[in-house]
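**Student:** So here's coords17.txt (compact mmCIF, C-alpha atoms and all ligand atoms).
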# COMPACT_ATOMS: atom_id res chain seq x y z
CA MET A 1 -50.63 133.08 47.23
CA ILE A 2 -49.37 135.88 49.47
CA ILE A 3 -52.09 138.46 50.04
CA GLY A 4 -51.36 141.87 51.53
CA ILE A 5 -53.78 144.08 53.47
CA PRO A 6 -52.26 147.53 54.05
CA LYS A 7 -53.80 150.12 56.34
CA GLU A 8 -55.84 152.66 54.39
CA ILE A 9 -54.20 156.07 54.31
CA LYS A 10 -56.79 158.26 52.58
CA ALA A 11 -57.98 161.05 54.90
CA GLY A 12 -60.88 159.89 57.05
CA GLU A 13 -60.89 156.34 55.62
CA LYS A 14 -61.40 153.86 58.45
CA ARG A 15 -62.45 150.77 56.54
CA VAL A 16 -60.15 147.78 56.01
CA ALA A 17 -60.19 145.43 53.02
CA MET A 18 -60.44 142.18 54.99
CA THR A 19 -61.83 140.97 58.30
CA PRO A 20 -60.21 138.35 60.56
CA GLN A 21 -62.88 135.93 59.28
CA GLY A 22 -61.58 136.49 55.74
CA VAL A 23 -58.01 135.91 56.87
CA ASP A 24 -59.05 132.66 58.55
CA ALA A 25 -60.83 131.43 55.40
CA LEU A 26 -57.81 132.27 53.20
CA ALA A 27 -55.47 130.58 55.68
CA SER A 28 -57.62 127.45 55.51
CA HIS A 29 -56.93 127.45 51.75
CA HIS A 30 -53.19 127.60 52.55
CA HIS A 31 -52.68 131.23 51.53
CA ARG A 32 -50.51 133.62 53.55
CA VAL A 33 -52.10 136.89 54.58
CA LEU A 34 -49.92 139.85 55.55
CA VAL A 35 -51.80 142.51 57.50
CA GLU A 36 -50.25 145.87 58.31
CA LYS A 37 -50.33 146.55 62.05
CA GLY A 38 -53.31 148.72 62.98
CA ALA A 39 -55.06 148.16 59.62
CA GLY A 40 -58.29 147.06 61.27
CA GLU A 41 -58.38 149.55 64.14
CA GLY A 42 -60.76 152.01 62.48
CA SER A 43 -63.27 149.22 61.91
CA GLY A 44 -62.89 147.75 65.38
CA PHE A 45 -60.67 144.77 64.49
CA SER A 46 -57.58 144.47 66.66
CA ASP A 47 -54.17 143.17 65.59
CA THR A 48 -54.66 140.30 68.04
CA GLU A 49 -57.87 139.24 66.28
CA PHE A 50 -56.07 139.22 62.93
CA GLU A 51 -53.14 137.31 64.39
CA ARG A 52 -55.42 134.69 65.97
CA ALA A 53 -57.10 134.25 62.58
CA GLY A 54 -53.72 133.38 61.07
CA ALA A 55 -52.52 136.73 59.69
CA ILE A 56 -48.85 137.69 59.74
CA LEU A 57 -48.67 141.19 61.19
CA ILE A 58 -46.25 143.54 59.43
CA GLY A 59 -44.98 146.83 60.84
CA SER A 60 -44.65 148.81 57.61
CA ALA A 61 -46.89 149.34 54.62
CA GLY A 62 -43.91 149.16 52.25
CA GLU A 63 -43.11 145.66 53.47
CA VAL A 64 -46.71 144.50 52.92
CA TRP A 65 -46.66 145.80 49.33
CA LYS A 66 -43.20 144.37 48.66
CA GLU A 67 -43.97 140.84 49.85
CA SER A 68 -47.49 140.41 48.41
CA ASP A 69 -48.59 138.78 45.14
CA MET A 70 -51.96 140.48 45.53
CA VAL A 71 -52.70 143.66 47.47
CA VAL A 72 -56.33 144.04 48.51
CA LYS A 73 -57.43 147.53 49.52
CA VAL A 74 -60.49 149.73 49.91
CA LYS A 75 -59.41 152.97 48.24
CA GLU A 76 -57.17 153.69 45.27
CA PRO A 77 -53.40 153.97 45.92
CA LEU A 78 -52.21 157.45 46.87
CA GLU A 79 -48.93 159.11 45.96
CA GLU A 80 -47.23 157.82 49.11
CA GLU A 81 -47.90 154.27 47.85
CA PHE A 82 -46.85 154.74 44.20
CA ASP A 83 -43.22 153.68 44.74
CA TRP A 84 -44.35 150.32 46.07
CA LEU A 85 -46.38 149.29 43.01
CA ARG A 86 -44.62 146.64 40.98
CA ARG A 87 -45.01 144.84 37.70
CA SER A 88 -47.47 141.90 37.60
CA GLN A 89 -48.63 142.49 41.17
CA ILE A 90 -52.41 142.22 41.48
CA LEU A 91 -54.17 145.24 42.97
CA PHE A 92 -57.83 144.66 43.88
CA THR A 93 -59.61 147.75 45.21
CA TYR A 94 -61.98 150.62 44.32
CA LEU A 95 -60.01 152.32 41.53
CA HIS A 96 -62.47 154.76 39.87
CA LEU A 97 -59.85 155.38 37.18
CA ALA A 98 -62.16 157.10 34.70
CA ALA A 99 -62.17 160.11 37.03
CA ASN A 100 -58.40 160.16 37.64
CA ARG A 101 -55.98 160.50 34.74
CA ALA A 102 -52.86 160.93 36.90
CA LEU A 103 -53.53 157.72 38.82
CA THR A 104 -54.29 155.82 35.61
CA GLN A 105 -50.99 156.97 34.13
CA LYS A 106 -49.07 155.97 37.24
CA LEU A 107 -50.67 152.52 37.39
CA LEU A 108 -50.05 151.96 33.68
CA GLU A 109 -46.37 152.80 34.15
CA SER A 110 -46.14 150.38 37.05
CA ARG A 111 -47.60 147.54 34.90
CA ILE A 112 -49.67 146.16 37.74
CA VAL A 113 -52.77 144.03 37.22
CA GLY A 114 -55.47 146.52 38.24
CA ILE A 115 -58.89 145.11 39.12
CA GLY A 116 -61.49 147.70 40.14
CA TYR A 117 -64.31 146.77 42.54
CA GLU A 118 -66.56 149.26 40.79
CA THR A 119 -66.37 147.56 37.39
CA VAL A 120 -66.95 143.98 38.54
CA GLN A 121 -70.31 143.48 36.85
CA GLU A 122 -72.79 140.63 36.65
CA LYS A 123 -74.54 139.62 33.39
CA ASP A 124 -77.70 141.50 34.38
CA GLY A 125 -75.68 144.73 34.64
CA SER A 126 -75.67 144.81 38.46
CA LEU A 127 -72.51 145.92 40.27
CA PRO A 128 -72.09 143.56 43.25
CA LEU A 129 -69.17 145.44 44.81
CA LEU A 130 -70.83 148.86 44.62
CA ARG A 131 -74.15 147.58 45.88
CA PRO A 132 -73.19 147.21 49.57
CA MET A 133 -72.18 150.87 49.80
CA SER A 134 -75.38 152.02 48.09
CA GLU A 135 -77.33 149.84 50.49
CA ILE A 136 -75.66 151.47 53.49
CA ALA A 137 -75.93 155.00 52.06
CA GLY A 138 -79.64 154.48 51.38
CA ARG A 139 -80.36 153.22 54.87
CA ALA A 140 -78.20 155.88 56.51
CA SER A 141 -79.83 158.66 54.46
CA ILE A 142 -83.01 158.38 56.52
CA LEU A 143 -81.05 158.56 59.78
CA ALA A 144 -79.19 161.63 58.44
CA GLY A 145 -82.51 163.15 57.41
CA GLY A 146 -83.90 162.54 60.88
CA MET A 147 -80.94 164.45 62.32
CA CYS A 148 -81.47 167.35 59.88
CA LEU A 149 -85.06 167.69 61.08
CA GLU A 150 -83.91 168.27 64.65
CA ALA A 151 -84.47 171.87 65.77
CA ARG A 152 -80.81 172.26 66.76
CA HIS A 153 -79.80 171.75 63.12
CA GLY A 154 -82.35 174.25 61.82
CA GLY A 155 -84.96 171.59 61.09
CA ARG A 156 -88.67 171.98 61.78
CA GLY A 157 -88.44 169.73 64.82
CA VAL A 158 -90.35 166.80 63.37
CA LEU A 159 -89.66 163.31 64.71
CA LEU A 160 -89.70 160.95 61.71
CA CYS A 161 -91.87 158.31 63.36
CA GLY A 162 -94.31 160.80 64.94
CA ALA A 163 -96.01 159.91 68.23
CA SER A 164 -99.40 158.60 69.27
CA GLY A 165 -101.94 161.18 68.14
CA VAL A 166 -99.27 162.95 66.06
CA PRO A 167 -98.70 162.13 62.38
CA SER A 168 -95.36 160.74 61.28
CA ALA A 169 -93.14 162.61 58.80
CA LYS A 170 -93.66 162.55 55.05
CA VAL A 171 -90.58 161.25 53.22
CA VAL A 172 -90.20 161.62 49.45
CA ILE A 173 -87.55 159.47 47.73
CA LEU A 174 -86.38 160.38 44.22
CA GLY A 175 -85.06 157.23 42.55
CA ALA A 176 -86.03 153.65 43.40
CA GLY A 177 -82.72 151.89 42.70
CA VAL A 178 -80.49 150.38 45.39
CA VAL A 179 -80.13 153.60 47.44
CA GLY A 180 -83.81 154.53 47.05
CA ALA A 181 -85.14 151.07 47.91
CA ASN A 182 -82.97 150.90 51.03
CA ALA A 183 -84.00 154.38 52.13
CA CYS A 184 -87.58 153.25 51.58
CA LYS A 185 -87.05 150.16 53.72
CA VAL A 186 -85.84 152.19 56.72
CA ALA A 187 -88.43 154.94 56.24
CA VAL A 188 -91.24 152.36 56.16
CA GLY A 189 -89.74 150.61 59.18
CA LEU A 190 -89.89 153.88 61.12
CA GLY A 191 -93.53 154.29 60.23
CA THR A 192 -93.11 157.39 58.04
CA ARG A 193 -95.39 158.17 55.11
CA VAL A 194 -93.30 157.38 52.02
CA SER A 195 -93.64 158.45 48.40
CA ILE A 196 -91.06 157.05 45.99
CA LEU A 197 -90.60 158.22 42.41
CA ASP A 198 -88.77 156.63 39.50
CA VAL A 199 -88.94 156.54 35.72
CA ARG A 200 -89.11 152.72 35.71
CA PRO A 201 -92.67 151.48 36.29
CA GLU A 202 -91.51 147.88 36.83
CA ARG A 203 -89.25 148.97 39.68
CA LEU A 204 -92.10 150.89 41.30
CA GLY A 205 -94.34 147.85 40.86
CA TYR A 206 -91.79 145.69 42.65
CA LEU A 207 -91.51 148.06 45.62
CA HIS A 208 -95.27 148.49 45.80
CA ASP A 209 -95.66 144.71 45.96
CA ILE A 210 -93.02 144.04 48.60
CA THR A 211 -94.28 146.81 50.87
CA GLN A 212 -97.83 145.54 50.36
CA GLY A 213 -98.98 148.95 49.23
CA HIS A 214 -97.75 150.76 52.35
CA ILE A 215 -95.95 153.32 50.17
CA THR A 216 -97.04 155.63 47.39
CA THR A 217 -95.24 154.90 44.13
CA LEU A 218 -95.22 157.58 41.44
CA ILE A 219 -93.75 158.03 37.99
CA SER A 220 -91.12 160.72 38.14
CA ASN A 221 -91.76 163.91 36.20
CA ARG A 222 -91.37 167.61 36.95
CA MET A 223 -94.95 168.28 37.97
CA THR A 224 -95.29 165.28 40.24
CA ILE A 225 -91.95 165.96 41.92
CA SER A 226 -92.93 169.59 42.54
CA GLU A 227 -96.28 168.59 44.06
CA GLU A 228 -94.85 165.79 46.21
CA ILE A 229 -92.01 167.75 47.77
CA SER A 230 -94.14 170.80 48.60
CA ASP A 231 -95.49 169.20 51.79
CA ALA A 232 -92.61 166.78 52.47
CA ASP A 233 -90.60 166.86 55.68
CA LEU A 234 -87.68 165.01 54.11
CA VAL A 235 -86.63 164.47 50.49
CA ILE A 236 -83.96 161.92 49.56
CA GLY A 237 -82.07 162.30 46.25
CA ALA A 238 -81.15 158.82 44.97
CA VAL A 239 -81.19 159.00 41.20
CA LEU A 240 -78.51 157.74 38.85
CA ILE A 241 -78.05 157.84 35.12
CA PRO A 242 -75.05 155.53 34.67
CA GLY A 243 -71.96 157.31 33.38
CA ALA A 244 -73.65 160.73 33.43
CA GLN A 245 -74.25 163.64 35.79
CA ALA A 246 -77.32 163.25 37.98
CA PRO A 247 -80.34 165.03 36.47
CA ARG A 248 -81.27 168.26 38.30
CA LEU A 249 -84.77 167.18 39.28
CA VAL A 250 -85.42 169.81 41.96
CA THR A 251 -84.87 173.42 40.92
CA ARG A 252 -84.44 176.33 43.31
CA PRO A 253 -88.00 177.61 42.71
CA MET A 254 -89.33 174.11 43.51
CA LEU A 255 -87.25 174.04 46.70
CA LYS A 256 -88.60 177.45 47.73
CA ARG A 257 -92.07 175.94 47.85
CA MET A 258 -90.97 173.43 50.52
CA ARG A 259 -91.84 174.22 54.12
CA PRO A 260 -89.19 176.06 56.16
CA GLY A 261 -87.14 173.65 58.23
CA SER A 262 -87.79 170.66 56.00
CA ALA A 263 -84.72 168.68 54.92
CA ILE A 264 -83.07 167.17 51.87
CA VAL A 265 -80.42 164.44 51.80
CA ASP A 266 -78.80 164.29 48.36
CA VAL A 267 -77.13 160.89 48.16
CA SER A 268 -76.47 161.38 44.45
CA VAL A 269 -74.16 164.29 45.29
CA ASP A 270 -71.23 162.15 44.09
CA GLN A 271 -72.66 162.45 40.57
CA GLY A 272 -73.32 166.17 40.90
CA GLY A 273 -76.57 165.88 42.86
CA CYS A 274 -80.22 166.09 41.82
CA PHE A 275 -81.08 169.39 43.58
CA GLU A 276 -80.06 172.72 42.05
CA THR A 277 -78.88 173.84 45.49
CA THR A 278 -76.66 170.80 46.19
CA ARG A 279 -73.02 171.28 47.05
CA PRO A 280 -70.82 168.55 48.56
CA THR A 281 -70.40 168.49 52.34
CA THR A 282 -68.26 166.41 54.70
CA HIS A 283 -68.91 164.37 57.83
CA GLU A 284 -67.18 167.15 59.79
CA HIS A 285 -69.60 169.78 58.43
CA PRO A 286 -72.45 167.76 56.97
CA THR A 287 -75.24 170.33 56.65
CA TYR A 288 -76.03 173.83 55.41
CA ILE A 289 -79.26 175.76 55.00
CA GLU A 290 -80.45 177.22 51.74
CA GLU A 291 -83.93 178.56 50.94
CA ARG A 292 -84.74 177.70 54.59
CA VAL A 293 -84.29 173.97 53.81
CA VAL A 294 -81.62 171.95 55.64
CA HIS A 295 -79.26 170.28 53.15
CA TYR A 296 -77.14 167.16 53.85
CA CYS A 297 -74.90 166.32 50.88
CA VAL A 298 -72.08 164.09 52.17
CA ALA A 299 -70.37 162.29 49.29
CA ASN A 300 -69.13 159.30 51.32
CA ILE A 301 -71.99 158.52 53.67
CA PRO A 302 -70.83 154.93 54.46
CA GLY A 303 -67.54 156.36 55.79
CA ILE A 304 -69.22 157.30 59.06
CA TYR A 305 -70.11 153.63 59.71
CA PRO A 306 -66.73 151.91 59.08
CA ARG A 307 -67.59 148.76 61.03
CA THR A 308 -70.79 148.02 59.09
CA SER A 309 -69.23 149.21 55.83
CA THR A 310 -66.17 146.99 56.22
CA LEU A 311 -68.33 143.96 56.97
CA ALA A 312 -70.69 144.66 54.05
CA LEU A 313 -67.84 145.33 51.62
CA THR A 314 -65.79 142.30 52.60
CA ASN A 315 -68.86 140.04 52.47
CA ALA A 316 -69.16 141.07 48.83
CA THR A 317 -65.47 141.03 47.84
CA PHE A 318 -64.37 137.85 49.59
CA SER A 319 -65.50 135.23 47.06
CA TYR A 320 -63.66 137.11 44.27
CA ILE A 321 -60.52 137.38 46.40
CA LEU A 322 -60.62 133.67 47.13
CA GLN A 323 -61.08 132.78 43.45
CA ILE A 324 -58.07 134.90 42.48
CA ALA A 325 -55.99 133.45 45.33
CA ASP A 326 -56.93 129.84 44.58
CA HIS A 327 -56.64 129.90 40.80
CA GLY A 328 -54.54 132.96 39.89
CA TYR A 329 -56.18 135.94 38.21
CA GLU A 330 -55.92 134.50 34.70
CA LYS A 331 -57.88 131.31 35.42
CA ALA A 332 -60.24 133.09 37.78
CA MET A 333 -61.14 135.57 35.07
CA ILE A 334 -61.60 132.92 32.42
CA GLY A 335 -64.10 131.20 34.72
CA ASN A 336 -65.88 134.28 36.07
CA GLU A 337 -67.36 136.81 33.68
CA ALA A 338 -68.18 139.36 36.39
CA LEU A 339 -64.60 139.35 37.68
CA ARG A 340 -63.28 139.57 34.12
CA ARG A 341 -65.20 142.83 33.66
CA GLY A 342 -63.38 144.12 36.73
CA LEU A 343 -60.03 144.04 34.95
CA ASN A 344 -59.02 147.65 34.24
CA LEU A 345 -55.28 147.46 33.63
CA LEU A 346 -52.94 144.71 32.49
CA ASP A 347 -49.20 144.99 31.90
CA GLY A 348 -49.28 148.67 30.96
CA ASN A 349 -52.50 148.47 28.91
CA ILE A 350 -56.03 149.71 29.57
CA VAL A 351 -58.46 146.80 29.32
CA CYS A 352 -61.63 148.58 30.47
CA GLY A 353 -63.59 150.36 27.71
CA GLY A 354 -65.01 153.06 29.99
CA VAL A 355 -61.58 154.06 31.31
CA ALA A 356 -60.01 154.13 27.82
CA GLN A 357 -62.91 156.24 26.54
CA SER A 358 -62.58 158.81 29.32
CA PHE A 359 -59.00 159.56 28.33
CA ASP A 360 -59.34 158.89 24.60
CA MET A 361 -56.72 156.17 24.92
CA ALA A 362 -56.39 152.76 23.30
CA CYS A 363 -58.20 149.82 24.86
CA MET A 364 -56.75 146.32 24.68
CA ALA A 365 -59.19 143.43 24.21
CA ASN A 366 -59.63 141.49 27.45
CA PRO A 367 -57.32 138.47 26.92
CA PHE A 368 -59.46 136.32 29.22
CA SER A 369 -62.69 136.73 27.23
CA PRO A 370 -63.79 133.63 25.35
CA HIS A 371 -62.95 133.91 21.67
CA PRO A 372 -65.93 133.76 19.30
N1 LIG B 401 -73.25 159.79 48.88
C1 LIG B 401 -72.86 158.55 49.07
O1 LIG B 401 -72.19 158.24 50.06
C2 LIG B 401 -73.24 157.48 48.10
C3 LIG B 401 -73.06 156.13 48.43
C4 LIG B 401 -73.51 155.16 47.52
C5 LIG B 401 -74.10 155.58 46.30
N2 LIG B 401 -74.21 156.91 46.03
C6 LIG B 401 -74.85 157.42 44.80
O2 LIG B 401 -76.25 157.30 44.89
C7 LIG B 401 -76.81 157.34 43.57
C8 LIG B 401 -77.83 156.22 43.41
O3 LIG B 401 -77.13 154.97 43.43
P1 LIG B 401 -77.91 153.59 43.25
O4 LIG B 401 -76.94 152.52 43.58
O5 LIG B 401 -79.20 153.62 43.94
O6 LIG B 401 -78.17 153.60 41.67
P2 LIG B 401 -79.27 152.71 40.92
O7 LIG B 401 -78.85 152.68 39.49
O8 LIG B 401 -79.50 151.44 41.64
O9 LIG B 401 -80.61 153.58 41.06
C9 LIG B 401 -80.80 154.82 40.44
C10 LIG B 401 -82.26 154.97 40.13
O10 LIG B 401 -82.50 156.30 39.63
C11 LIG B 401 -83.57 156.18 38.72
N3 LIG B 401 -83.72 157.39 37.92
C12 LIG B 401 -83.02 157.80 36.84
N4 LIG B 401 -83.51 158.96 36.39
C13 LIG B 401 -84.54 159.30 37.21
C14 LIG B 401 -85.45 160.39 37.25
N5 LIG B 401 -85.42 161.36 36.34
N6 LIG B 401 -86.39 160.40 38.23
C15 LIG B 401 -86.45 159.42 39.15
N7 LIG B 401 -85.62 158.36 39.15
C16 LIG B 401 -84.68 158.31 38.19
C17 LIG B 401 -83.21 154.93 37.93
O11 LIG B 401 -84.32 154.43 37.18
C18 LIG B 401 -82.77 153.99 39.05
O12 LIG B 401 -83.84 153.23 39.54
C19 LIG B 401 -75.60 157.25 42.64
O13 LIG B 401 -75.26 158.52 42.19
C20 LIG B 401 -74.52 156.69 43.53
O14 LIG B 401 -73.23 157.02 43.05
C21 LIG B 401 -73.78 157.86 46.90
What would the structure in this file look like if it were written as structure tokens?
Ligand SMILES: NC(=O)c1ccc[n+]([C@@H]2O[C@H](COP(=O)([O-])OP(=O)(O)OC[C@H]3O[C@@H](n4cnc5c(N)ncnc54)[C@H](O)[C@@H]3O)[C@@H](O)[C@H]2O)c1
**Tutor:**
Amino acid sequence: MIIGIPKEIKAGEKRVAMTPQGVDALASHHHRVLVEKGAGEGSGFSDTEFERAGAILIGSAGEVWKESDMVVKVKEPLEEEFDWLRRSQILFTYLHLAANRALTQKLLESRIVGIGYETVQEKDGSLPLLRPMSEIAGRASILAGGMCLEARHGGRGVLLCGASGVPSAKVVILGAGVVGANACKVAVGLGTRVSILDVRPERLGYLHDITQGHITTLISNRMTISEEISDADLVIGAVLIPGAQAPRLVTRPMLKRMRPGSAIVDVSVDQGGCFETTRPTTHEHPTYIEERVVHYCVANIPGIYPRTSTLALTNATFSYILQIADHGYEKAMIGNEALRRGLNLLDGNIVCGGVAQSFDMACMANPFSPHP
């Protein structure tokens, strides 16, 4: 198969959909990989590295799209790329169609085979291609929080890990899913005092066990949240109700009771955020102060670590890419239930229930599902 890796063009996007290691592995399976010149620069992979791994470097994005049976990307196609989409071409990337009617329409018209990273789903409901970004966002949230606590950013000047004879910071994490557990891991590693809250007792039990009781686990409810955050240095928002807006767990009056110069990092900002005072920020202007609390609400936290993010993403996507390349998407989907769930669009039809529902459009049965 001919696989194309264009350079990402979305503003600020520095990740690339494949590493030279991935190219080498595909080449060893006798596939041809076309990489747009400069595609890996933002993640620290040079054209020479790609070429040595067996990639064919191409000067223009249009050429990559035109020649490829499958285009693998990081972000959804933008308007500049629409003219290059063609019938039956496989597009494997983050699509997030349910939030974008115009893009859905355009992709339907083009009759591409659209497979969305975000809907590839294992039997147990886990989302293996979203997980790496949640992992990175969770870990990075503690580093961002540490920055917010610096005096120069309006923070109360508390060093997360404390010093000898000086207590470490108190970190409260709302939500114990992938983001929350990873925030917890870094916070514990830094020696902070951690409280983590969730509505799922079994999840709290798991974290309590693996940290050998070094953290405080609490069932999430209004009163407990209010009490816990009142003397916290840093609060991380990491809750998710799938398919819905994040619940507003921290109201303005609750925030007012926090100490001046304490900090919040709302990772769930991409679902509306779990603090009443949350509004999205960017890496260029990541923080603002409200009710004397420093807020960090960047919606694409992994974007600031493109090298790590590219490696984590491609580690997760590669086996699916290889299966599609080796067997064709039809056979690959028949043999792999998780990948099958990733199919969003096929020959001008919506195949993903969630996407069809969002736009009140018809949904075609997945033709690769086993028949009862
Ligand atoms: N800002 C970013 O850059 C970025 C990056 C990755 C993920 N995210 C977002 O982070 C959020 C969390 O993602 P995740 O992968 O950890 O999801 P997840 O499903 O793994 O975890 C969410 C957790 O929230 C818990 N929860 C639900 N309601 C709660 C409540 N009332 N109180 C306490 N806990 C509650 C759930 O039980 C679950 O354990 C999502 O909104 C995701 O989109 C943001």
**Student:** To box ligand LIG 401 (chain B), take all atoms listed in the file, fit an axis-aligned box, add 8 Å on each side, and give centre and edge lengths in Å to one decimal, as lines of an AutoDock Vina configuration file.
**Tutor:**
center_x = -79.3
center_y = 156.4
center_z = 43.2
size_x = 30.3
size_y = 25.9
size_z = 29.7
**Student:** Using only C-alpha atoms and all ligand atoms, find each residue of chain A with at least one atom at most 7 Å away from an atom of ligand LIG 401 (chain B); report its shortest atom-to-atom pair and that distance in Å (one decimal), sort the rows by chain and rising residue number, and return the result as a Markdown table.
**Tutor:**
| residue | atom | partner | partner_atom | distance |
| --- | --- | --- | --- | --- |
| A:Arg131 | CA | B:LIG401 | O4 | 6.1 |
| A:Met133 | CA | B:LIG401 | C4 | 5.0 |
| A:Ser134 | CA | B:LIG401 | C4 | 3.7 |
| A:Ala137 | CA | B:LIG401 | C3 | 4.8 |
| A:Leu174 | CA | B:LIG401 | C15 | 5.2 |
| A:Gly175 | CA | B:LIG401 | N7 | 3.6 |
| A:Ala176 | CA | B:LIG401 | O12 | 4.5 |
| A:Gly177 | CA | B:LIG401 | O9 | 3.2 |
| A:Val178 | CA | B:LIG401 | O5 | 3.8 |
| A:Val179 | CA | B:LIG401 | O5 | 3.6 |
| A:Gly180 | CA | B:LIG401 | O5 | 5.6 |
| A:Leu197 | CA | B:LIG401 | C15 | 5.4 |
| A:Asp198 | CA | B:LIG401 | N7 | 3.6 |
| A:Val199 | CA | B:LIG401 | N7 | 5.1 |
| A:Arg200 | CA | B:LIG401 | O11 | 5.3 |
| A:Arg203 | CA | B:LIG401 | O12 | 6.9 |
| A:Ser220 | CA | B:LIG401 | N6 | 4.7 |
| A:Asn221 | CA | B:LIG401 | N6 | 6.7 |
| A:Ala238 | CA | B:LIG401 | C8 | 4.5 |
| A:Val239 | CA | B:LIG401 | O10 | 3.4 |
| A:Leu240 | CA | B:LIG401 | C9 | 4.0 |
| A:Ile241 | CA | B:LIG401 | C12 | 5.3 |
| A:Pro242 | CA | B:LIG401 | O7 | 6.8 |
| A:Ala246 | CA | B:LIG401 | O13 | 6.7 |
| A:Pro247 | CA | B:LIG401 | N5 | 6.3 |
| A:Leu249 | CA | B:LIG401 | N5 | 6.6 |
| A:Val267 | CA | B:LIG401 | N1 | 4.1 |
| A:Ser268 | CA | B:LIG401 | O13 | 3.8 |
| A:Val269 | CA | B:LIG401 | N1 | 5.8 |
| A:Asp270 | CA | B:LIG401 | O14 | 5.6 |
| A:Gln271 | CA | B:LIG401 | O13 | 5.0 |
| A:Val298 | CA | B:LIG401 | N1 | 5.5 |
| A:Ala299 | CA | B:LIG401 | N1 | 3.8 |
| A:Asn300 | CA | B:LIG401 | O1 | 3.5 |
| A:Ile301 | CA | B:LIG401 | O1 | 3.6 |
| A:Pro302 | CA | B:LIG401 | O1 | 5.7 |
**Student:** For those residues, write C-alpha atoms to a file as a PDB file, in the frame of the given file.
**Tutor:**
ATOM      1  CA  ARG A 131     -74.150 147.580  45.880  1.00  0.00           C
ATOM      2  CA  MET A 133     -72.180 150.870  49.800  1.00  0.00           C
ATOM      3  CA  SER A 134     -75.380 152.020  48.090  1.00  0.00           C
ATOM      4  CA  ALA A 137     -75.930 155.000  52.060  1.00  0.00           C
ATOM      5  CA  LEU A 174     -86.380 160.380  44.220  1.00  0.00           C
ATOM      6  CA  GLY A 175     -85.060 157.230  42.550  1.00  0.00           C
ATOM      7  CA  ALA A 176     -86.030 153.650  43.400  1.00  0.00           C
ATOM      8  CA  GLY A 177     -82.720 151.890  42.700  1.00  0.00           C
ATOM      9  CA  VAL A 178     -80.490 150.380  45.390  1.00  0.00           C
ATOM     10  CA  VAL A 179     -80.130 153.600  47.440  1.00  0.00           C
ATOM     11  CA  GLY A 180     -83.810 154.530  47.050  1.00  0.00           C
ATOM     12  CA  LEU A 197     -90.600 158.220  42.410  1.00  0.00           C
ATOM     13  CA  ASP A 198     -88.770 156.630  39.500  1.00  0.00           C
ATOM     14  CA  VAL A 199     -88.940 156.540  35.720  1.00  0.00           C
ATOM     15  CA  ARG A 200     -89.110 152.720  35.710  1.00  0.00           C
ATOM     16  CA  ARG A 203     -89.250 148.970  39.680  1.00  0.00           C
ATOM     17  CA  SER A 220     -91.120 160.720  38.140  1.00  0.00           C
ATOM     18  CA  ASN A 221     -91.760 163.910  36.200  1.00  0.00           C
ATOM     19  CA  ALA A 238     -81.150 158.820  44.970  1.00  0.00           C
ATOM     20  CA  VAL A 239     -81.190 159.000  41.200  1.00  0.00           C
ATOM     21  CA  LEU A 240     -78.510 157.740  38.850  1.00  0.00           C
ATOM     22  CA  ILE A 241     -78.050 157.840  35.120  1.00  0.00           C
ATOM     23  CA  PRO A 242     -75.050 155.530  34.670  1.00  0.00           C
ATOM     24  CA  ALA A 246     -77.320 163.250  37.980  1.00  0.00           C
ATOM     25  CA  PRO A 247     -80.340 165.030  36.470  1.00  0.00           C
ATOM     26  CA  LEU A 249     -84.770 167.180  39.280  1.00  0.00           C
ATOM     27  CA  VAL A 267     -77.130 160.890  48.160  1.00  0.00           C
ATOM     28  CA  SER A 268     -76.470 161.380  44.450  1.00  0.00           C
ATOM     29  CA  VAL A 269     -74.160 164.290  45.290  1.00  0.00           C
ATOM     30  CA  ASP A 270     -71.230 162.150  44.090  1.00  0.00           C
ATOM     31  CA  GLN A 271     -72.660 162.450  40.570  1.00  0.00           C
ATOM     32  CA  VAL A 298     -72.080 164.090  52.170  1.00  0.00           C
ATOM     33  CA  ALA A 299     -70.370 162.290  49.290  1.00  0.00           C
ATOM     34  CA  ASN A 300     -69.130 159.300  51.320  1.00  0.00           C
ATOM     35  CA  ILE A 301     -71.990 158.520  53.670  1.00  0.00           C
ATOM     36  CA  PRO A 302     -70.830 154.930  54.460  1.00  0.00           C
TER      37      PRO A 302
END
**Student:** List the spatial neighbours of segment 144-154 of chain A as a ChimeraX atom specification - criterion: any atom at most 9 Å away, all atoms listed in the file, same-chain residues fewer than 6 positions off excluded.
**Tutor:** /A:160,233-236,261-265,287-289,292-296
**Student:** Please identify all polymer residues within 9 Å of Val23 of chain A, counting all atoms listed in the file, omitting same-chain residues fewer than 6 positions from it, and present them as a VMD selection string.
**Tutor:** chain A and resid 31 to 33 50 53 to 55
**Student:** Can you pull out every residue within 6 Å of segment 119-130 of chain A, counting only C-alpha atoms, but drop anything in the same chain fewer than 2 positions away, and send it as a list in words?
**Tutor:**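 Listing them by chain and then by number gives Gly116, Tyr117, Pro132, Met133, Ala316, Ala338, Leu339, Arg341 and Gly342 of chain A.
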**Student:** Which residues are close to Ala98 of chain A, i.e. within 7 Å by all atoms listed in the file, leaving aside same-chain residues fewer than 5 positions away? Reply as a list in words.
**Tutor:**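 Selected residues are Gly354, Val355 and Ser358 of chain A.
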**Student:** Return the single residue from A:Asn182, A:Thr277, A:Ser230, A:Ser28 that is closest to Arg252 of chain A, with distances computed using all atoms listed in the file.
**Tutor:**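 Smallest separation from Arg252 of chain A among the options: A:Thr277.
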**Student:** List the neighbours of Gly303 of chain A out to 8 Å using all atoms listed in the file; skip same-chain residues closer than 4 positions along the sequence, and give me the result as a list in words.
**Tutor:**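 These residues fall inside the cut-off: Gly12, Glu13, Lys14, Arg15 and Ser309 of chain A.
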